$ cat protein.csv   # CSV, N, CA and C atoms
chain,number,residue,atom,x,y,z
V,1,GLN,N,7.1,3.5,-1.6
V,1,GLN,CA,6.6,4.1,-0.4
V,1,GLN,C,7.1,5.5,-0.2
V,2,VAL,N,6.5,6.2,0.7
V,2,VAL,CA,6.8,7.6,0.9
V,2,VAL,C,8.2,7.7,1.6
V,3,GLN,N,9.0,8.5,1.0
V,3,GLN,CA,10.4,8.6,1.5
V,3,GLN,C,10.8,10.1,1.4
V,4,LEU,N,11.5,10.6,2.4
V,4,LEU,CA,12.0,11.9,2.5
V,4,LEU,C,13.5,11.9,2.9
V,5,VAL,N,14.3,12.6,2.2
V,5,VAL,CA,15.7,12.6,2.5
V,5,VAL,C,16.2,14.1,2.6
V,6,GLU,N,16.7,14.5,3.8
V,6,GLU,CA,17.2,15.9,3.9
V,6,GLU,C,18.7,15.9,3.7
V,7,SER,N,19.1,17.1,3.2
V,7,SER,CA,20.6,17.3,3.1
V,7,SER,C,20.8,18.8,3.2
V,8,GLY,N,22.1,19.2,3.4
V,8,GLY,CA,22.5,20.6,3.3
V,8,GLY,C,22.8,21.2,4.7
V,9,GLY,N,22.7,20.5,5.7
V,9,GLY,CA,23.0,21.1,7.0
V,9,GLY,C,24.5,21.3,7.2
V,10,GLY,N,24.9,22.0,8.3
V,10,GLY,CA,26.3,22.3,8.5
V,10,GLY,C,26.4,23.4,9.6
V,11,LEU,N,27.7,23.9,9.6
V,11,LEU,CA,28.0,24.9,10.5
V,11,LEU,C,28.2,26.2,9.8
V,12,VAL,N,27.5,27.3,10.3
V,12,VAL,CA,27.6,28.6,9.6
V,12,VAL,C,27.7,29.7,10.7
V,13,GLN,N,28.2,30.8,10.3
V,13,GLN,CA,28.4,31.9,11.3
V,13,GLN,C,27.1,32.7,11.4
V,14,PHE,N,27.0,33.4,12.5
V,14,PHE,CA,25.9,34.4,12.7
V,14,PHE,C,25.8,35.3,11.5
V,15,GLY,N,24.5,35.4,11.0
V,15,GLY,CA,24.3,36.3,9.8
V,15,GLY,C,24.4,35.6,8.5
V,16,GLY,N,24.9,34.3,8.5
V,16,GLY,CA,25.1,33.6,7.2
V,16,GLY,C,23.9,33.0,6.7
V,17,SER,N,24.1,32.2,5.6
V,17,SER,CA,23.0,31.5,5.0
V,17,SER,C,23.3,30.0,4.7
V,18,LEU,N,22.2,29.3,4.6
V,18,LEU,CA,22.3,27.8,4.4
V,18,LEU,C,21.1,27.4,3.6
V,19,ARG,N,21.2,26.4,2.7
V,19,ARG,CA,20.1,25.9,2.1
V,19,ARG,C,19.9,24.4,2.3
V,20,LEU,N,18.8,24.0,2.8
V,20,LEU,CA,18.5,22.6,3.1
V,20,LEU,C,17.6,22.1,1.9
V,21,SER,N,17.7,20.8,1.6
V,21,SER,CA,16.9,20.1,0.6
V,21,SER,C,16.2,19.0,1.2
V,22,CYS,N,15.0,18.8,0.7
V,22,CYS,CA,14.2,17.6,1.1
V,22,CYS,C,13.7,16.9,-0.2
V,23,ALA,N,14.4,15.8,-0.5
V,23,ALA,CA,14.1,15.1,-1.7
V,23,ALA,C,12.9,14.1,-1.4
V,24,ALA,N,11.8,14.2,-2.1
V,24,ALA,CA,10.6,13.4,-1.8
V,24,ALA,C,10.5,12.4,-2.9
V,25,SER,N,10.0,11.2,-2.5
V,25,SER,CA,9.7,10.1,-3.5
V,25,SER,C,8.6,9.3,-3.0
V,26,GLY,N,7.9,8.6,-3.9
V,26,GLY,CA,6.9,7.6,-3.5
V,26,GLY,C,5.5,8.2,-3.5
V,27,PHE,N,5.4,9.5,-3.8
V,27,PHE,CA,4.0,10.1,-3.7
V,27,PHE,C,4.0,11.4,-4.6
V,28,SER,N,2.8,11.9,-4.9
V,28,SER,CA,2.7,13.1,-5.7
V,28,SER,C,2.6,14.3,-4.8
V,29,LEU,N,3.5,15.2,-4.9
V,29,LEU,CA,3.5,16.4,-4.1
V,29,LEU,C,2.2,17.2,-4.2
V,30,TYR,N,1.4,17.0,-5.3
V,30,TYR,CA,0.2,17.8,-5.5
V,30,TYR,C,-0.8,17.6,-4.4
V,31,TYR,N,-0.8,16.4,-3.8
V,31,TYR,CA,-1.8,16.0,-2.8
V,31,TYR,C,-1.3,16.0,-1.4
V,32,TYR,N,-0.1,16.6,-1.2
V,32,TYR,CA,0.5,16.6,0.1
V,32,TYR,C,1.0,17.9,0.5
V,33,GLY,N,1.3,18.1,1.8
V,33,GLY,CA,2.0,19.2,2.3
V,33,GLY,C,3.4,18.7,2.8
V,34,ILE,N,4.4,19.5,2.6
V,34,ILE,CA,5.7,19.2,3.1
V,34,ILE,C,6.1,20.3,4.1
V,35,ALA,N,6.3,19.9,5.3
V,35,ALA,CA,6.7,20.9,6.3
V,35,ALA,C,8.1,20.7,6.8
V,36,TRP,N,8.7,21.8,7.2
V,36,TRP,CA,10.0,21.8,7.9
V,36,TRP,C,9.8,22.1,9.3
V,37,PHE,N,10.5,21.2,10.1
V,37,PHE,CA,10.5,21.4,11.6
V,37,PHE,C,11.9,21.5,12.0
V,38,ARG,N,12.1,22.0,13.2
V,38,ARG,CA,13.5,22.0,13.9
V,38,ARG,C,13.3,21.7,15.3
V,39,GLN,N,14.4,21.1,15.9
V,39,GLN,CA,14.4,20.8,17.3
V,39,GLN,C,15.7,21.1,17.9
V,40,ALA,N,15.8,21.9,18.9
V,40,ALA,CA,17.0,22.2,19.6
V,40,ALA,C,17.0,21.3,20.8
V,41,PRO,N,18.2,21.1,21.4
V,41,PRO,CA,18.3,20.2,22.5
V,41,PRO,C,17.5,20.7,23.7
V,42,GLY,N,16.7,19.8,24.2
V,42,GLY,CA,15.9,20.1,25.4
V,42,GLY,C,14.6,20.9,25.1
V,43,LYS,N,14.3,21.1,23.8
V,43,LYS,CA,13.2,21.9,23.4
V,43,LYS,C,12.2,21.0,22.5
V,44,GLU,N,11.0,21.5,22.4
V,44,GLU,CA,10.0,20.8,21.6
V,44,GLU,C,10.3,21.0,20.1
V,45,ARG,N,9.8,20.1,19.3
V,45,ARG,CA,9.9,20.3,17.9
V,45,ARG,C,9.1,21.5,17.4
V,46,GLU,N,9.6,22.4,16.6
V,46,GLU,CA,9.0,23.6,16.3
V,46,GLU,C,8.8,23.6,14.7
V,47,GLY,N,7.6,24.0,14.3
V,47,GLY,CA,7.2,24.2,12.9
V,47,GLY,C,7.9,25.4,12.3
V,48,VAL,N,8.6,25.2,11.2
V,48,VAL,CA,9.3,26.3,10.6
V,48,VAL,C,8.5,26.8,9.4
V,49,SER,N,8.1,25.9,8.5
V,49,SER,CA,7.3,26.3,7.3
V,49,SER,C,6.5,25.1,6.8
V,50,CYS,N,5.6,25.3,6.0
V,50,CYS,CA,4.9,24.2,5.3
V,50,CYS,C,4.5,24.7,3.9
V,51,PHE,N,4.9,23.8,2.9
V,51,PHE,CA,4.6,24.0,1.5
V,51,PHE,C,3.4,23.1,1.1
V,52,TYR,N,2.4,23.7,0.5
V,52,TYR,CA,1.2,23.0,0.1
V,52,TYR,C,1.3,22.7,-1.4
V,53,GLY,N,1.3,21.4,-1.7
V,53,GLY,CA,1.5,21.0,-3.1
V,53,GLY,C,0.5,21.4,-4.1
V,54,SER,N,-0.8,21.5,-3.6
V,54,SER,CA,-1.9,21.8,-4.5
V,54,SER,C,-1.8,23.2,-5.2
V,55,ASP,N,-1.4,24.2,-4.4
V,55,ASP,CA,-1.3,25.5,-4.9
V,55,ASP,C,0.0,26.1,-4.8
V,56,GLU,N,1.0,25.4,-4.2
V,56,GLU,CA,2.3,25.8,-4.0
V,56,GLU,C,2.4,27.0,-3.1
V,57,SER,N,1.5,27.2,-2.2
V,57,SER,CA,1.5,28.3,-1.2
V,57,SER,C,2.4,27.8,0.0
V,58,VAL,N,2.9,28.7,0.8
V,58,VAL,CA,3.8,28.4,1.9
V,58,VAL,C,3.3,29.2,3.1
V,59,VAL,N,3.3,28.6,4.3
V,59,VAL,CA,3.1,29.3,5.5
V,59,VAL,C,4.4,29.2,6.3
V,60,TYR,N,4.7,30.2,7.2
V,60,TYR,CA,5.9,30.3,7.9
V,60,TYR,C,5.6,30.5,9.4
V,61,GLY,N,6.5,30.0,10.2
V,61,GLY,CA,6.4,30.3,11.7
V,61,GLY,C,6.9,31.7,11.9
V,62,ASP,N,6.4,32.3,13.0
V,62,ASP,CA,6.7,33.7,13.3
V,62,ASP,C,8.2,33.9,13.4
V,63,SER,N,8.9,33.0,14.0
V,63,SER,CA,10.4,33.2,14.3
V,63,SER,C,11.2,33.2,13.0
V,64,VAL,N,10.7,32.8,11.9
V,64,VAL,CA,11.5,32.7,10.7
V,64,VAL,C,11.0,33.6,9.5
V,65,LYS,N,9.8,34.2,9.7
V,65,LYS,CA,9.2,35.0,8.7
V,65,LYS,C,10.2,36.1,8.2
V,66,GLY,N,10.3,36.3,6.9
V,66,GLY,CA,11.2,37.3,6.4
V,66,GLY,C,12.7,36.9,6.3
V,67,ARG,N,13.0,35.8,6.9
V,67,ARG,CA,14.4,35.3,6.8
V,67,ARG,C,14.5,34.0,6.0
V,68,PHE,N,13.5,33.1,6.2
V,68,PHE,CA,13.6,31.8,5.5
V,68,PHE,C,12.6,31.8,4.3
V,69,ILE,N,13.0,31.0,3.3
V,69,ILE,CA,12.1,30.9,2.1
V,69,ILE,C,12.0,29.4,1.8
V,70,THR,N,10.8,28.9,1.6
V,70,THR,CA,10.6,27.6,1.2
V,70,THR,C,10.1,27.6,-0.3
V,71,SER,N,10.7,26.7,-1.1
V,71,SER,CA,10.4,26.6,-2.5
V,71,SER,C,10.5,25.2,-3.0
V,72,ARG,N,10.0,25.0,-4.2
V,72,ARG,CA,10.0,23.7,-4.8
V,72,ARG,C,10.7,23.7,-6.1
V,73,ASP,N,11.5,22.6,-6.4
V,73,ASP,CA,12.1,22.3,-7.7
V,73,ASP,C,11.2,21.2,-8.3
V,74,ASN,N,10.4,21.6,-9.3
V,74,ASN,CA,9.5,20.6,-9.9
V,74,ASN,C,10.2,19.5,-10.6
V,75,GLY,N,11.3,19.8,-11.2
V,75,GLY,CA,12.0,18.8,-12.0
V,75,GLY,C,12.6,17.7,-11.1
V,76,LYS,N,12.9,18.1,-9.8
V,76,LYS,CA,13.6,17.1,-8.9
V,76,LYS,C,12.7,16.7,-7.8
V,77,ASN,N,11.4,17.2,-7.8
V,77,ASN,CA,10.5,16.8,-6.7
V,77,ASN,C,11.1,17.0,-5.4
V,78,THR,N,11.7,18.1,-5.2
V,78,THR,CA,12.5,18.5,-4.0
V,78,THR,C,12.0,19.8,-3.5
V,79,VAL,N,11.9,19.9,-2.2
V,79,VAL,CA,11.5,21.2,-1.5
V,79,VAL,C,12.7,21.7,-0.8
V,80,TYR,N,13.0,23.0,-0.9
V,80,TYR,CA,14.1,23.6,-0.3
V,80,TYR,C,13.7,24.5,0.8
V,81,LEU,N,14.6,24.7,1.8
V,81,LEU,CA,14.5,25.7,2.8
V,81,LEU,C,15.7,26.6,2.8
V,82,GLN,N,15.6,27.8,2.2
V,82,GLN,CA,16.7,28.7,2.2
V,82,GLN,C,16.6,29.6,3.4
V,83,MET,N,17.7,29.5,4.2
V,83,MET,CA,17.8,30.1,5.5
V,83,MET,C,18.8,31.3,5.4
V,84,ASN,N,18.3,32.5,5.6
V,84,ASN,CA,19.2,33.7,5.6
V,84,ASN,C,19.2,34.4,7.0
V,85,SER,N,20.2,35.2,7.1
V,85,SER,CA,20.3,36.0,8.4
V,85,SER,C,20.2,35.1,9.6
V,86,LEU,N,21.0,34.0,9.6
V,86,LEU,CA,20.9,33.0,10.6
V,86,LEU,C,21.4,33.5,11.9
V,87,LYS,N,20.7,33.0,13.0
V,87,LYS,CA,21.0,33.4,14.4
V,87,LYS,C,21.4,32.1,15.2
V,88,PRO,N,22.1,32.3,16.3
V,88,PRO,CA,22.4,31.1,17.1
V,88,PRO,C,21.1,30.3,17.5
V,89,GLU,N,20.0,31.0,17.7
V,89,GLU,CA,18.8,30.4,18.1
V,89,GLU,C,18.2,29.6,17.0
V,90,ASP,N,18.7,29.6,15.8
V,90,ASP,CA,18.2,28.8,14.7
V,90,ASP,C,18.9,27.4,14.8
V,91,THR,N,19.8,27.2,15.7
V,91,THR,CA,20.6,25.9,15.8
V,91,THR,C,19.6,24.8,16.2
V,92,GLY,N,19.8,23.7,15.5
V,92,GLY,CA,19.0,22.5,15.9
V,92,GLY,C,19.0,21.5,14.8
V,93,VAL,N,18.3,20.4,15.0
V,93,VAL,CA,18.2,19.4,13.9
V,93,VAL,C,16.9,19.7,13.1
V,94,TYR,N,17.1,19.8,11.8
V,94,TYR,CA,16.0,20.2,10.9
V,94,TYR,C,15.5,19.0,10.2
V,95,TYR,N,14.2,18.8,10.3
V,95,TYR,CA,13.5,17.7,9.6
V,95,TYR,C,12.5,18.2,8.6
V,96,CYS,N,12.3,17.4,7.5
V,96,CYS,CA,11.1,17.6,6.7
V,96,CYS,C,10.2,16.5,7.0
V,97,ALA,N,8.9,16.8,6.8
V,97,ALA,CA,7.8,15.9,7.1
V,97,ALA,C,6.7,16.1,6.1
V,98,THR,N,5.9,15.0,5.9
V,98,THR,CA,4.8,15.1,4.9
V,98,THR,C,3.6,14.3,5.3
V,99,ASP,N,2.5,14.8,4.9
V,99,ASP,CA,1.3,14.0,5.0
V,99,ASP,C,0.2,14.7,4.0
V,100,VAL,N,-0.9,14.1,3.9
V,100,VAL,CA,-1.9,14.6,3.0
V,100,VAL,C,-2.3,16.0,3.3
V,101,LEU,N,-2.8,16.7,2.3
V,101,LEU,CA,-3.1,18.1,2.5
V,101,LEU,C,-4.1,18.4,3.6
V,102,SER,N,-5.1,17.6,3.8
V,102,SER,CA,-6.1,17.9,4.8
V,102,SER,C,-5.5,17.9,6.2
V,103,LYS,N,-4.5,17.0,6.5
V,103,LYS,CA,-3.8,17.0,7.7
V,103,LYS,C,-2.8,18.2,7.9
V,104,ALA,N,-2.1,18.5,6.8
V,104,ALA,CA,-1.1,19.6,6.8
V,104,ALA,C,-1.8,20.9,7.0
V,105,ARG,N,-3.0,21.1,6.4
V,105,ARG,CA,-3.7,22.4,6.5
V,105,ARG,C,-4.4,22.5,7.9
V,106,ARG,N,-4.8,21.3,8.4
V,106,ARG,CA,-5.5,21.4,9.7
V,106,ARG,C,-4.5,21.9,10.8
V,107,GLY,N,-3.3,21.5,10.8
V,107,GLY,CA,-2.4,21.9,11.8
V,107,GLY,C,-0.9,21.8,11.3
V,108,TRP,N,-0.5,22.7,10.5
V,108,TRP,CA,0.7,22.6,9.8
V,108,TRP,C,1.9,22.5,10.7
V,109,SER,N,1.8,23.2,11.9
V,109,SER,CA,3.0,23.2,12.8
V,109,SER,C,2.9,22.2,13.9
V,110,ASN,N,1.9,21.3,13.8
V,110,ASN,CA,1.8,20.3,14.8
V,110,ASN,C,2.4,19.0,14.3
V,111,PRO,N,3.5,18.6,14.9
V,111,PRO,CA,4.3,17.5,14.4
V,111,PRO,C,3.5,16.2,14.4
V,112,TYR,N,2.4,16.1,15.2
V,112,TYR,CA,1.6,14.9,15.3
V,112,TYR,C,0.7,14.7,14.1
V,113,GLU,N,0.6,15.8,13.2
V,113,GLU,CA,-0.2,15.7,12.0
V,113,GLU,C,0.5,14.9,10.9
V,114,TYR,N,1.8,14.7,11.1
V,114,TYR,CA,2.6,14.1,10.0
V,114,TYR,C,3.1,12.7,10.3
V,115,ASP,N,2.8,11.8,9.4
V,115,ASP,CA,3.2,10.4,9.6
V,115,ASP,C,4.6,10.1,9.0
V,116,TYR,N,5.1,10.9,8.1
V,116,TYR,CA,6.3,10.6,7.4
V,116,TYR,C,7.3,11.7,7.6
V,117,TRP,N,8.5,11.2,8.0
V,117,TRP,CA,9.6,12.1,8.4
V,117,TRP,C,10.9,11.7,7.7
V,118,GLY,N,11.7,12.7,7.4
V,118,GLY,CA,13.1,12.4,7.0
V,118,GLY,C,14.0,12.1,8.2
V,119,GLN,N,15.2,11.9,8.0
V,119,GLN,CA,16.2,11.5,9.1
V,119,GLN,C,16.7,12.7,9.8
V,120,GLY,N,16.6,13.9,9.3
V,120,GLY,CA,17.0,15.1,10.0
V,120,GLY,C,18.4,15.5,9.6
V,121,THR,N,18.7,16.8,9.6
V,121,THR,CA,20.1,17.3,9.3
V,121,THR,C,20.4,18.4,10.3
V,122,GLN,N,21.6,18.4,10.8
V,122,GLN,CA,22.0,19.3,11.9
V,122,GLN,C,22.4,20.7,11.3
V,123,VAL,N,21.9,21.7,11.9
V,123,VAL,CA,22.3,23.1,11.5
V,123,VAL,C,22.8,23.7,12.8
V,124,THR,N,24.0,24.3,12.7
V,124,THR,CA,24.7,24.9,13.9
V,124,THR,C,25.1,26.3,13.5
V,125,VAL,N,24.6,27.3,14.2
V,125,VAL,CA,24.9,28.7,13.9
V,125,VAL,C,25.8,29.2,15.1
V,126,SER,N,27.0,29.6,14.7
V,126,SER,CA,27.9,30.1,15.8
V,126,SER,C,27.8,31.6,15.9
V,127,SER,N,28.0,32.1,17.1
V,127,SER,CA,27.9,33.5,17.4
V,127,SER,C,29.2,34.3,17.2

$ encode --input "protein.csv" --output "structure tokens"
Amino acid sequence: QVQLVESGGGLVQFGGSLRLSCAASGFSLYYYGIAWFRQAPGKEREGVSCFYGSDESVVYGDSVKGRFITSRDNGKNTVYLQMNSLKPEDTGVYYCATDVLSKARRGWSNPYEYDYWGQGTQVTVSS
């Protein structure tokens, strides 16, 4: 069955870096998109990026463009979110999510397009 497991969250200072991992199993990444979302307390879940397995292209949300990088490790079937120049407003629970490419391309930043979610990992950026 489809399974996603996030890891790598923690506490980091303003301007620091952190790398999150999303280990995927039970499906072929080629036919799926894997998205990163985050949710701060009292706020809606926000799309951070989406990796498309068919061509390995990535789209990013405006708030993270130029600071975050999403990539894939083929050997481990894992998608990473490298977060640089972190700000306090990046604080939240980060989730990876997946679904078939047609749904991910239709609305990559819409959480309702994804049926499969990881458990989430907390990222806290101190000022």

$ closest_residue --input "protein.csv" --among "V:Ile69, V:Ala104, V:Ala97, V:Ala35" --to "Trp117 in chain V" --atoms "only C-alpha atoms"
V:Ala97

$ residues_near_point --input "protein.csv" --point "(17.6, 15.7, 4.9)" --cutoff "6 Å" --atoms "only N, CA and C atoms" --output "list of chain:residue names"
V:Leu4, V:Val5, V:Glu6, V:Ser7, V:Gly8, V:Ser21, V:Cys22, V:Gly118, V:Gln119, V:Gly120, V:Thr121

$ atom_distance --input "protein.csv" --atom1 "CA of Lys76 in chain V" --atom2 "atom C of Val123 in chain V"
24.5 Å

$ closest_residue --input "protein.csv" --among "V:Gly92, V:Tyr80, V:Tyr112, V:Asp99" --to "Phe68 in chain V" --atoms "only C-alpha atoms"
V:Tyr80

$ closest_residue --input "protein.csv" --among "V:Ala24, V:Ile34, V:Val125, V:Val2" --to "Cys50 in chain V" --atoms "only N, CA and C atoms"
V:Ile34

$ atom_distance --input "protein.csv" --atom1 "atom N of Ser109 in chain V" --atom2 "atom C of Thr91 in chain V"
18.4 Å

$ atom_distance --input "protein.csv" --atom1 "atom N of Gln1 in chain V" --atom2 "atom C of Glu46 in chain V"
25.9 Å

$ residues_around --input "protein.csv" --residues "Met83 in chain V" --least-positions-apart "5" --cutoff "7 Å" --atoms "only N, CA and C atoms" --output "VMD selection string"
chain V and resid 16 to 20 67 to 69

$ decode --input "protein.csv" --residues "range 45-68 of chain V" --atoms "N, CA and C atoms" --output "tab-separated table (two decimals), in the first residue's frame"
chain	number	residue	atom	x	y	z
V	45	ARG	N	-3.44	24.76	5.52
V	45	ARG	CA	-2.32	24.02	4.98
V	45	ARG	C	-1.87	24.68	3.67
V	46	GLU	N	-0.58	24.92	3.54
V	46	GLU	CA	-0.02	25.67	2.42
V	46	GLU	C	0.87	24.77	1.57
V	47	GLY	N	0.70	24.81	0.26
V	47	GLY	CA	1.56	24.05	-0.63
V	47	GLY	C	2.94	24.68	-0.72
V	48	VAL	N	3.96	23.87	-0.53
V	48	VAL	CA	5.35	24.33	-0.58
V	48	VAL	C	5.99	24.00	-1.93
V	49	SER	N	5.86	22.75	-2.36
V	49	SER	CA	6.42	22.34	-3.65
V	49	SER	C	5.77	21.04	-4.08
V	50	CYS	N	5.97	20.72	-5.35
V	50	CYS	CA	5.50	19.44	-5.86
V	50	CYS	C	6.50	18.90	-6.87
V	51	PHE	N	6.87	17.63	-6.66
V	51	PHE	CA	7.79	16.92	-7.55
V	51	PHE	C	6.96	15.99	-8.42
V	52	TYR	N	7.14	16.10	-9.75
V	52	TYR	CA	6.41	15.25	-10.68
V	52	TYR	C	7.32	14.11	-11.13
V	53	GLY	N	6.89	12.89	-10.84
V	53	GLY	CA	7.75	11.74	-11.08
V	53	GLY	C	8.06	11.47	-12.54
V	54	SER	N	7.12	11.80	-13.44
V	54	SER	CA	7.29	11.43	-14.85
V	54	SER	C	8.46	12.14	-15.50
V	55	ASP	N	8.66	13.43	-15.17
V	55	ASP	CA	9.76	14.17	-15.78
V	55	ASP	C	10.69	14.79	-14.75
V	56	GLU	N	10.41	14.54	-13.48
V	56	GLU	CA	11.21	15.03	-12.36
V	56	GLU	C	11.27	16.55	-12.32
V	57	SER	N	10.24	17.19	-12.83
V	57	SER	CA	10.16	18.65	-12.69
V	57	SER	C	9.57	18.99	-11.33
V	58	VAL	N	9.79	20.24	-10.91
V	58	VAL	CA	9.33	20.68	-9.59
V	58	VAL	C	8.68	22.06	-9.73
V	59	VAL	N	7.60	22.27	-9.01
V	59	VAL	CA	7.01	23.60	-8.90
V	59	VAL	C	7.08	24.02	-7.44
V	60	TYR	N	7.17	25.33	-7.22
V	60	TYR	CA	7.33	25.86	-5.86
V	60	TYR	C	6.29	26.93	-5.58
V	61	GLY	N	5.93	27.05	-4.33
V	61	GLY	CA	5.11	28.16	-3.89
V	61	GLY	C	5.92	29.44	-3.86
V	62	ASP	N	5.24	30.55	-4.01
V	62	ASP	CA	5.93	31.84	-4.09
V	62	ASP	C	6.73	32.15	-2.83
V	63	SER	N	6.24	31.72	-1.69
V	63	SER	CA	6.90	32.08	-0.43
V	63	SER	C	8.22	31.35	-0.22
V	64	VAL	N	8.50	30.32	-1.00
V	64	VAL	CA	9.73	29.55	-0.79
V	64	VAL	C	10.65	29.54	-2.01
V	65	LYS	N	10.21	30.11	-3.11
V	65	LYS	CA	11.03	30.13	-4.33
V	65	LYS	C	12.39	30.76	-4.06
V	66	GLY	N	13.43	30.10	-4.54
V	66	GLY	CA	14.78	30.61	-4.37
V	66	GLY	C	15.42	30.22	-3.05
V	67	ARG	N	14.62	29.68	-2.11
V	67	ARG	CA	15.17	29.27	-0.81
V	67	ARG	C	15.10	27.76	-0.60
V	68	PHE	N	14.04	27.14	-1.10
V	68	PHE	CA	13.83	25.71	-0.90
V	68	PHE	C	14.10	24.97	-2.20
